[in-house]
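Student: First, the structure itself, so that you have it in front of you.
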Amino acid sequence: MGEIIKSKIMKNQNNLLSKLSLFVFFIAATFFIASCDNNEASGDGRFVLNVTDAPVDDENVTGVYITFTGIEYQIEGESWQQAEGFGEPVTINLLELQNGKTELLGDFNAGSGNYTGLRFKLDASQTDGALASNAGCYITFADGSETPLFVPSGAQTGYKAVGNFTVPVNGTVEVTADFDLRKSVAKAGITGKYLLKPTIRVIVNNQAGDISGLIANTSDSLNYVVFAYEADTYTESESADPEPEQIRFPNAVSSTGAEVDGSYKLAFLAAGEYDLVLVSVDIEENVNVVTITEGVSVESNNTTRLDFEL
């Protein structure tokens, strides 16, 4: 009789332990799931920011130096925030960053989500200020001289780039800011000051493609530039003589000058269809449209080859 009672007690204990184990497992699983959901909602990520450039029209310009003092970003639906960890001001000669060359501007911890804006803070003198000999943004010329780059009054809030990107939870996204100096630098007709009005687009690196090739039978007396337009957006008026402080080919997405050997590369283009406009420029800066090639396809992470035979 004692053995039977003892067996029942042990059986009840085992049942109780099993129920306790199941209860503990349920609580742990619930906590784990809740923790994962919380991480998905509020987890951090990183974005790596590079900078590149399109060339300027003036052949006498040998350098365009831009001093970056800070980066701000905006997550969709939130206010602008300062990118922590930027550090000391950074001065970069953007004119050296052509044909796909880039320079790292920062690697930042940031909240995950869809980023709807980047804003660049620059060390530049305002147009209503005195001529600054130590300007953080300036141009150098072939004769060895240099001049400050001025920004319009009130522009010290920063320059916003066009383009969205997503920072994944516990992941990293690499993006490149393309400063189109051809559109960004203008000479004021009255004062002769050089003005900086940055035109910046942001592209996610692994979503971008390139167009590259060779321009054959070029003339030694001419320079060659290739402009990329979104399909069916180029018109003859683009090449017309511009108004003061304006530029030719204003609606080009990107542009690049040919190297000495005739090679060229249009880098960091979003996937899609483009029309390429090849122009020649003589020593007196007369521009001639040489040829237009329509319907050039660009795919992410691929290079499209297109050669020109003159």
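Here's how to read the names in the structure tokens: chain A, B, ... by the order shown, residue numbers from 1 in each chain, ligand numbers from 1 in the order shown.
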Residues near Gln81 (chain A), anyone? I mean within 12 Å using only C-alpha atoms, not counting same-chain ones fewer than 2 positions away, as a list in words.

Tutor: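 Those residues are Gly70, Ile71, Glu72, Tyr73, Gln74, Ile75, Glu76, Glu78, Ser79, Ala83, Glu84, Ala110, Gly111, Tyr115, Gly117, Leu118, Arg119 and Phe120 of chain A.
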
Student: For region 200-214 of chain A, find every residue with an atom within 6 Å (counting only C-alpha atoms), except residues of its own chain fewer than 3 positions away, and show them as a ChimeraX atom specification.

Tutor: /A:161-163,174-179,262-270,298-307

Student: Can you write just those residues out, C-alpha atoms, as an mmCIF file, in the first residue's frame?

Tutor:
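The result, written out as part_1.cif:
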```cif
data_model
loop_
_atom_site.group_PDB
_atom_site.id
_atom_site.type_symbol
_atom_site.label_atom_id
_atom_site.label_comp_id
_atom_site.auth_asym_id
_atom_site.auth_seq_id
_atom_site.Cartn_x
_atom_site.Cartn_y
_atom_site.Cartn_z
ATOM 1 C CA ALA A 161 20.353 66.349 -51.341
ATOM 2 C CA VAL A 162 17.711 64.725 -53.536
ATOM 3 C CA GLY A 163 17.192 60.978 -53.049
ATOM 4 C CA GLU A 174 26.258 52.521 -48.514
ATOM 5 C CA VAL A 175 25.234 55.662 -50.371
ATOM 6 C CA THR A 176 27.043 58.224 -52.526
ATOM 7 C CA ALA A 177 26.305 61.946 -52.723
ATOM 8 C CA ASP A 178 26.985 63.289 -56.216
ATOM 9 C CA PHE A 179 27.899 66.992 -56.084
ATOM 10 C CA GLY A 262 39.214 59.107 -74.995
ATOM 11 C CA SER A 263 37.767 56.938 -72.242
ATOM 12 C CA TYR A 264 34.823 58.113 -70.159
ATOM 13 C CA LYS A 265 32.643 56.842 -67.327
ATOM 14 C CA LEU A 266 29.229 57.964 -66.089
ATOM 15 C CA ALA A 267 29.000 56.484 -62.602
ATOM 16 C CA PHE A 268 26.252 56.147 -59.969
ATOM 17 C CA LEU A 269 23.269 56.211 -62.312
ATOM 18 C CA ALA A 270 19.925 54.880 -61.125
ATOM 19 C CA VAL A 298 21.390 50.947 -67.105
ATOM 20 C CA GLU A 299 21.000 48.064 -64.655
ATOM 21 C CA SER A 300 21.875 47.946 -60.963
ATOM 22 C CA ASN A 301 25.402 46.697 -60.235
ATOM 23 C CA ASN A 302 26.226 46.504 -63.944
ATOM 24 C CA THR A 303 28.274 48.527 -66.412
ATOM 25 C CA THR A 304 26.802 49.320 -69.819
ATOM 26 C CA ARG A 305 29.413 49.636 -72.556
ATOM 27 C CA LEU A 306 28.917 52.350 -75.164
ATOM 28 C CA ASP A 307 31.650 53.479 -77.553
#
```

Student: For Trp80 (chain A), which residue out of A:Leu105, A:Gly100, A:Val56, A:Lys160 is the nearest one, using only C-alpha atoms?

Tutor: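 Answer, going by the shortest atom-to-atom distance: A:Lys160.
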
Student: I'd like the neighbourhood of Gly189 (chain A) as a CSV table (one decimal) with N, CA, C and O atoms, in the first residue's frame, where a residue qualifies if any of its atoms comes within 12 Å (using only C-alpha atoms), though same-chain residues fewer than 5 positions away should be ignored.

Tutor:
```csv
chain,number,residue,atom,x,y,z
A,194,TYR,N,32.3,84.1,-57.3
A,194,TYR,CA,31.9,82.8,-57.6
A,194,TYR,C,30.9,82.3,-56.5
A,194,TYR,O,31.2,82.3,-55.3
A,195,LEU,N,29.8,81.9,-57.0
A,195,LEU,CA,28.7,81.5,-56.1
A,195,LEU,C,28.6,79.9,-56.0
A,195,LEU,O,28.7,79.3,-57.0
A,243,GLU,N,21.7,82.0,-70.1
A,243,GLU,CA,21.6,83.3,-69.5
A,243,GLU,C,22.7,83.5,-68.5
A,243,GLU,O,23.3,82.5,-68.0
A,244,PRO,N,23.0,84.8,-68.1
A,244,PRO,CA,24.0,85.0,-67.0
A,244,PRO,C,23.7,84.2,-65.8
A,244,PRO,O,22.5,84.1,-65.3
A,245,GLU,N,24.8,83.6,-65.2
A,245,GLU,CA,24.7,82.7,-64.0
A,245,GLU,C,24.0,81.4,-64.3
A,245,GLU,O,23.6,80.7,-63.3
A,246,GLN,N,23.7,81.1,-65.5
A,246,GLN,CA,23.0,79.8,-65.8
A,246,GLN,C,24.0,79.0,-66.6
A,246,GLN,O,25.1,79.4,-66.9
```

Student: Which residue out of A:Asn223, A:Thr172, A:Asn50, A:Ser239 has the minimum interatomic distance to Lys101 (chain A) when only C-alpha atoms are used?

Tutor: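 Between A:Asn223, A:Thr172, A:Asn50, A:Ser239, the residue approaching Lys101 (chain A) most closely is A:Asn50.
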
Student: If we count only C-alpha atoms, what is near Val253 (chain A) at a cut-off of 8 Å, once residues fewer than 4 positions away on the same chain are taken out, given as a PyMOL selection string?

Tutor: chain A and resi 227-230
